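In what follows, a single structure is set out as structure tokens and then discussed.
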Amino acid sequence: MAKLETKIHNIVLKNPVMTASGTFGYGEEFADFIDLSRLGGIVVKGTTGERRQGNPYPRMAETPAGMLNAVGLQNVGVGTFCKEVYPRIKDIDTNILVNVSGSSIEEYCSVAEQVDALDNVPGIELNISCPNVKKGGMGFGTDPAMAAQVVKEVRKVYRKTLIVKLTPNVTSIVDIAKAVEQAGADSVSLINTLLGMAIDVERQRPCLSTITGGLSGPCVKPIAVRMVWQVAHAVQIPVVGLGGISCAADALEFLMAGAKAVQVGTANFLDPAVTVKIVDGLQDYCQRHQIEDINDIIGII
Ligand SMILES: Cc1cc2nc3c(=O)[nH]c(=O)nc-3n(C[C@H](O)[C@H](O)[C@H](O)COP(=O)(O)O)c2cc1C
């Protein structure tokens with residue numbers, strides 16, 4: 001058996017396969033389909049200071065090779081997460097990471113501080129890249145100075161592994177990655193969704209209530225691989241790659257481009273067991289190619 005273990009800063013992953021925020025609930029919803037302990041990590045839903053209802057329906061639309069969503073960070077809020085959800089999921093034998101979202105620097109810091117107190121959460125993923133909220137969200141992630149500012153403030157209150165999730169909706173993702181690295185990020189994950197739009201021509205209306213939304217799924221993968229490759233060559237901190245991964249070969253592309261770990265998002269909606277199939281596929285690939293340690297192929301391109 002090949003060694004699949006990788007490391008993101010201080011977090012040891014039993015294999016590089018994690019789930020992407022917003023596509024895997026709190027993990028527990030998938031317990032009937034897969035053995036959650038086989039995952040390298042679970043990134044839970046975007047969590048904000050207060051409970052959020054999200055955007056009005058319709059907020060999902062299919063596209064030929066992916067989907068558009070405008071869920072808008074629907075979640076129970078950090079207080080309920082800590083009190084009610086965390087006790088239910090804290091003993092799952094994998095890394096539970098919380099995706100921290102907000103509309104202001106104060107909100108990001110407050111959520112991060114409350115999550116810092118949870119013993120079994122070794123890190124957070126700071127979402128400065130959500131395209132579906134009116135205030136904050138992607139606004140923080142599209143300007144290097146603002147991205148650095150939010151990371152600097154969160155760094156002051158959060159002591160464990162700080163992963164910053166980047167938006168692809170920028171001219172140079174490398175500039176944003178460098179700025180957050182300098183501000184104290186321990187890792188970056190990329191990509192969040194690409195801003196998109198679809199129109200129902202029969203109804204002569206936009207498909208989403210918010211008109212625009214975030215595009216994800218297989219159609220975004222070549223963009224994501226390109227960005228991961230660019231960022232991995234520009235920063236020293238570990239990169240987590242995601243965007244359109246739905247099989248082991250997709251995950252391998254990201255690893256070869258320089259990602260130390262990957263996340264699987266939209267593919268979970270098509271096949272709730274896709275993540276463990278990817279883990280098995282990585283093991284199979286390593287055996288076929290006589291690779292003893294998955295780290296040997298990370299960043300080979
Ligand atoms: C329905 C849905 C909800 C999402 N919610 C979040 C979220 O709360 N926080 C976040 O950082 N990303 C969120 N994302 C983005 C995904 O985590 C991921 O970055 C993106 O979908 C690209 O990966 P994929 O093509 O594998 O889905 C969401 C995506 C989808 C499709």
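We label chains A, B, ... in the order they appear in the structure tokens, count residues from 1 in each chain, and number ligands from 1 in the order shown.
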Please identify every polymer residue within 7 Å of ligand 1, using only C-alpha atoms and all ligand atoms, and present the set as a compact mmCIF listing (two decimals) with N, CA and C atoms, in the first residue's frame.
# COMPACT_ATOMS: atom_id res chain seq x y z
N ALA A 20 -15.44 19.83 0.23
CA ALA A 20 -15.45 21.29 0.07
C ALA A 20 -16.64 21.90 0.80
N SER A 21 -16.42 23.04 1.39
CA SER A 21 -17.45 23.71 2.19
C SER A 21 -18.72 23.97 1.37
N GLY A 22 -19.86 23.73 2.02
CA GLY A 22 -21.15 24.03 1.40
C GLY A 22 -21.70 22.91 0.55
N THR A 23 -20.90 21.86 0.36
CA THR A 23 -21.34 20.76 -0.51
C THR A 23 -21.44 19.46 0.26
N LYS A 45 -19.90 23.60 6.39
CA LYS A 45 -20.59 24.76 5.78
C LYS A 45 -19.98 26.09 6.19
N GLY A 46 -20.09 27.09 5.35
CA GLY A 46 -19.70 28.44 5.72
C GLY A 46 -20.45 28.87 6.97
N MET A 67 -22.66 23.55 -12.20
CA MET A 67 -23.88 24.17 -11.65
C MET A 67 -23.61 25.59 -11.21
N ASN A 69 -24.80 28.30 -8.30
CA ASN A 69 -25.54 28.38 -7.05
C ASN A 69 -25.47 29.78 -6.49
N VAL A 71 -26.65 30.09 -2.99
CA VAL A 71 -27.21 29.72 -1.69
C VAL A 71 -27.07 30.88 -0.71
N LEU A 73 -24.69 31.43 1.80
CA LEU A 73 -24.21 31.14 3.16
C LEU A 73 -25.31 30.85 4.16
N ASN A 99 -15.37 26.40 7.93
CA ASN A 99 -15.27 27.47 6.93
C ASN A 99 -15.88 28.72 7.57
N ASN A 127 -13.18 32.12 4.52
CA ASN A 127 -13.81 32.29 3.21
C ASN A 127 -13.89 33.77 2.87
N SER A 129 -14.12 34.71 -0.17
CA SER A 129 -14.31 34.53 -1.61
C SER A 129 -15.73 34.16 -2.02
N CYS A 130 -16.72 34.34 -1.13
CA CYS A 130 -18.08 33.95 -1.52
C CYS A 130 -18.71 34.99 -2.44
N LYS A 165 -9.26 30.86 1.88
CA LYS A 165 -9.84 30.39 0.61
C LYS A 165 -9.98 31.54 -0.38
N LEU A 190 -7.88 26.99 -3.02
CA LEU A 190 -8.44 27.62 -4.21
C LEU A 190 -8.85 26.52 -5.19
N ILE A 191 -10.03 26.75 -5.86
CA ILE A 191 -10.73 28.01 -6.02
C ILE A 191 -12.14 27.92 -5.43
N ASN A 192 -12.68 29.09 -5.06
CA ASN A 192 -14.11 29.18 -4.81
C ASN A 192 -14.81 29.25 -6.18
N THR A 193 -16.08 29.52 -6.21
CA THR A 193 -16.81 29.49 -7.48
C THR A 193 -16.51 30.71 -8.35
N SER A 216 -19.59 26.11 -10.53
CA SER A 216 -18.70 25.06 -10.01
C SER A 216 -18.89 23.81 -10.83
N GLY A 217 -18.08 22.79 -10.54
CA GLY A 217 -18.21 21.53 -11.26
C GLY A 217 -17.14 21.37 -12.34
N PRO A 218 -17.25 20.28 -13.14
CA PRO A 218 -16.19 19.95 -14.10
C PRO A 218 -15.77 21.12 -15.01
N VAL A 220 -15.14 24.10 -14.39
CA VAL A 220 -14.17 25.07 -13.84
C VAL A 220 -12.78 24.44 -13.64
N LYS A 221 -12.69 23.13 -13.82
CA LYS A 221 -11.45 22.44 -13.42
C LYS A 221 -10.17 22.96 -14.11
N LEU A 242 -8.94 22.82 -5.37
CA LEU A 242 -10.30 22.33 -5.63
C LEU A 242 -10.92 23.09 -6.79
N GLY A 243 -11.97 22.47 -7.32
CA GLY A 243 -12.68 23.05 -8.45
C GLY A 243 -12.88 21.98 -9.50
N GLY A 244 -14.07 21.36 -9.48
CA GLY A 244 -14.41 20.41 -10.53
C GLY A 244 -13.87 19.01 -10.37
N ILE A 245 -13.37 18.66 -9.19
CA ILE A 245 -12.81 17.31 -9.02
C ILE A 245 -13.94 16.30 -8.87
N GLN A 263 -9.96 19.22 -2.35
CA GLN A 263 -11.32 19.17 -1.82
C GLN A 263 -12.28 18.81 -2.96
N VAL A 264 -13.31 18.09 -2.59
CA VAL A 264 -14.32 17.67 -3.58
C VAL A 264 -15.64 18.36 -3.22
N GLY A 265 -16.23 19.06 -4.18
CA GLY A 265 -17.44 19.83 -3.91
C GLY A 265 -18.65 19.30 -4.64
N THR A 266 -18.96 19.93 -5.78
CA THR A 266 -20.18 19.63 -6.54
C THR A 266 -20.37 18.13 -6.83
N ALA A 267 -19.27 17.40 -7.00
CA ALA A 267 -19.38 15.97 -7.32
C ALA A 267 -20.11 15.19 -6.24
Give me, as a PDB file with C-alpha atoms, in the first residue's frame, all polymer residues having an atom no more than 12 Å from A:Gly139, counting only C-alpha atoms and skipping those fewer than 2 positions away in the same chain.
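Produced file out-v3.pdb, reproduced below:
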ATOM      1  CA  SER A 101     -17.448  33.556   6.652  1.00  0.00           C
ATOM      2  CA  GLY A 102     -18.549  37.073   7.424  1.00  0.00           C
ATOM      3  CA  SER A 103     -19.639  40.522   6.316  1.00  0.00           C
ATOM      4  CA  SER A 104     -17.091  42.505   8.327  1.00  0.00           C
ATOM      5  CA  ILE A 105     -13.641  42.001   9.791  1.00  0.00           C
ATOM      6  CA  ASN A 127     -13.806  32.287   3.209  1.00  0.00           C
ATOM      7  CA  ILE A 128     -12.941  35.656   1.710  1.00  0.00           C
ATOM      8  CA  SER A 129     -14.312  34.525  -1.608  1.00  0.00           C
ATOM      9  CA  CYS A 130     -18.076  33.947  -1.519  1.00  0.00           C
ATOM     10  CA  PRO A 131     -19.697  35.595  -4.565  1.00  0.00           C
ATOM     11  CA  ASN A 132     -23.247  35.219  -3.207  1.00  0.00           C
ATOM     12  CA  VAL A 133     -23.432  37.702  -0.366  1.00  0.00           C
ATOM     13  CA  LYS A 134     -24.123  41.422  -0.682  1.00  0.00           C
ATOM     14  CA  LYS A 135     -21.681  42.602   1.973  1.00  0.00           C
ATOM     15  CA  GLY A 136     -18.157  41.295   2.571  1.00  0.00           C
ATOM     16  CA  GLY A 137     -17.550  37.858   1.112  1.00  0.00           C
ATOM     17  CA  GLY A 141     -10.830  38.499  -1.520  1.00  0.00           C
ATOM     18  CA  THR A 142     -10.509  40.583  -4.650  1.00  0.00           C
ATOM     19  CA  ASP A 143      -8.170  43.260  -3.307  1.00  0.00           C
ATOM     20  CA  PRO A 144      -4.721  42.267  -1.968  1.00  0.00           C
ATOM     21  CA  ALA A 145      -4.703  44.990   0.713  1.00  0.00           C
ATOM     22  CA  MET A 146      -8.162  44.105   2.033  1.00  0.00           C
ATOM     23  CA  ALA A 147      -7.414  40.389   1.912  1.00  0.00           C
ATOM     24  CA  VAL A 150      -8.739  40.559   7.244  1.00  0.00           C
ATOM     25  CA  LEU A 166      -9.293  32.436  -2.523  1.00  0.00           C
ATOM     26  CA  THR A 167     -11.642  33.581  -5.226  1.00  0.00           C
ATOM     27  CA  ASN A 169     -12.732  36.213  -9.807  1.00  0.00           C
ATOM     28  CA  VAL A 170      -9.574  38.310  -9.987  1.00  0.00           C
TER      29      VAL A 170
END
**OP:** Just list the residues in stretch 16-195 of chain A DSSP gives alpha helix (DSSP H) on the backbone, as a PyMOL selection string.
**Re:** chain A and resi 78-80+86-89+105-116+138-141+144-157+173-182
Subject >> Selection near A:Ser110, 10 Å with only C-alpha atoms, sequence-local residues under 5 positions removed, as a VMD selection string >> reply: chain A and resid 48 to 49 78 100 102 104 to 105 115 to 116 154 157 to 158
Original post:
Contacts of A:Asn268 at 9 Å or less, counting only C-alpha atoms, minus same-chain residues fewer than 4 places along, as a list of chain:residue names?
Top reply: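 That gives A:Thr19, A:Thr23, A:Phe24, A:Ser246, A:Val264, A:Pro272, A:Ala273, A:Val274, A:Thr275.
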Subject >> Residue neighbourhood A:Ala148, 8 Å, only C-alpha atoms, exclusion window fewer than 6 positions, as a ChimeraX atom specification >> reply: /A:179-180,182-183
Subject >> Minimum-distance residue to A:His9, chosen among A:Cys247, A:Val188, A:Met256, A:Leu208 (using only C-alpha atoms) >> reply: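 Among the listed residues, the smallest separation from A:His9 belongs to A:Val188.
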**OP:** Would you work out the distance separating atom CA of A:Val12 from atom CA of A:Val235, expressed in Å to one decimal?
**Re:**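 Atom CA of A:Val235 lies at a distance of 20.1 Å from atom CA of A:Val12.
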Original post:
DSSP on the backbone: what in stretch 168-275 of chain A comes out strand (DSSP E), as a list in words?
Top reply: Ser187, Val188, Ser189, Leu190, Leu194, Leu195, Gly196, Met197, Ile199, Asp200, Arg205, Pro206, Thr212, Gly213, Gly214, Leu215, Ser216, Val239, Val240, Gly241, Leu242, Ala261, Val262, Gln263 and Val264 of chain A
Could you write out that same residue set with C-alpha atoms as a compact mmCIF listing (two decimals), in the first residue's frame?
# COMPACT_ATOMS: atom_id res chain seq x y z
CA SER A 187 -2.16 27.78 3.79
CA VAL A 188 -4.37 28.84 0.89
CA SER A 189 -7.21 26.91 -0.70
CA LEU A 190 -8.44 27.62 -4.21
CA LEU A 194 -16.54 31.60 -10.62
CA LEU A 195 -19.11 34.34 -11.01
CA GLY A 196 -21.61 33.24 -13.66
CA MET A 197 -25.13 33.75 -14.95
CA ILE A 199 -31.06 32.89 -18.43
CA ASP A 200 -34.24 30.86 -18.84
CA ARG A 205 -35.97 35.51 -16.57
CA PRO A 206 -32.58 34.84 -14.97
CA THR A 212 -25.66 36.01 -10.91
CA GLY A 213 -24.24 33.11 -8.94
CA GLY A 214 -21.20 30.89 -8.44
CA LEU A 215 -20.21 28.38 -11.11
CA SER A 216 -18.70 25.06 -10.01
CA VAL A 239 -1.87 24.94 -1.29
CA VAL A 240 -5.18 23.08 -1.15
CA GLY A 241 -6.68 22.60 -4.62
CA LEU A 242 -10.30 22.33 -5.63
CA ALA A 261 -4.43 18.25 -0.62
CA VAL A 262 -7.67 18.54 -2.55
CA GLN A 263 -11.32 19.17 -1.82
CA VAL A 264 -14.32 17.67 -3.58
Subject >> Polymer residues at most 8 Å from A:Asn95, only C-alpha atoms, same-chain spacing of 2 or more positions, as a PyMOL selection string >> reply: chain A and resi 11+13+40-42+93+97+120-122
Original post:
Quick one: distance from atom CA of A:Gly72 to atom CA of A:Met60 in Å, one decimal?
Top reply: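 Between these atoms lies a distance of 10.8 Å.
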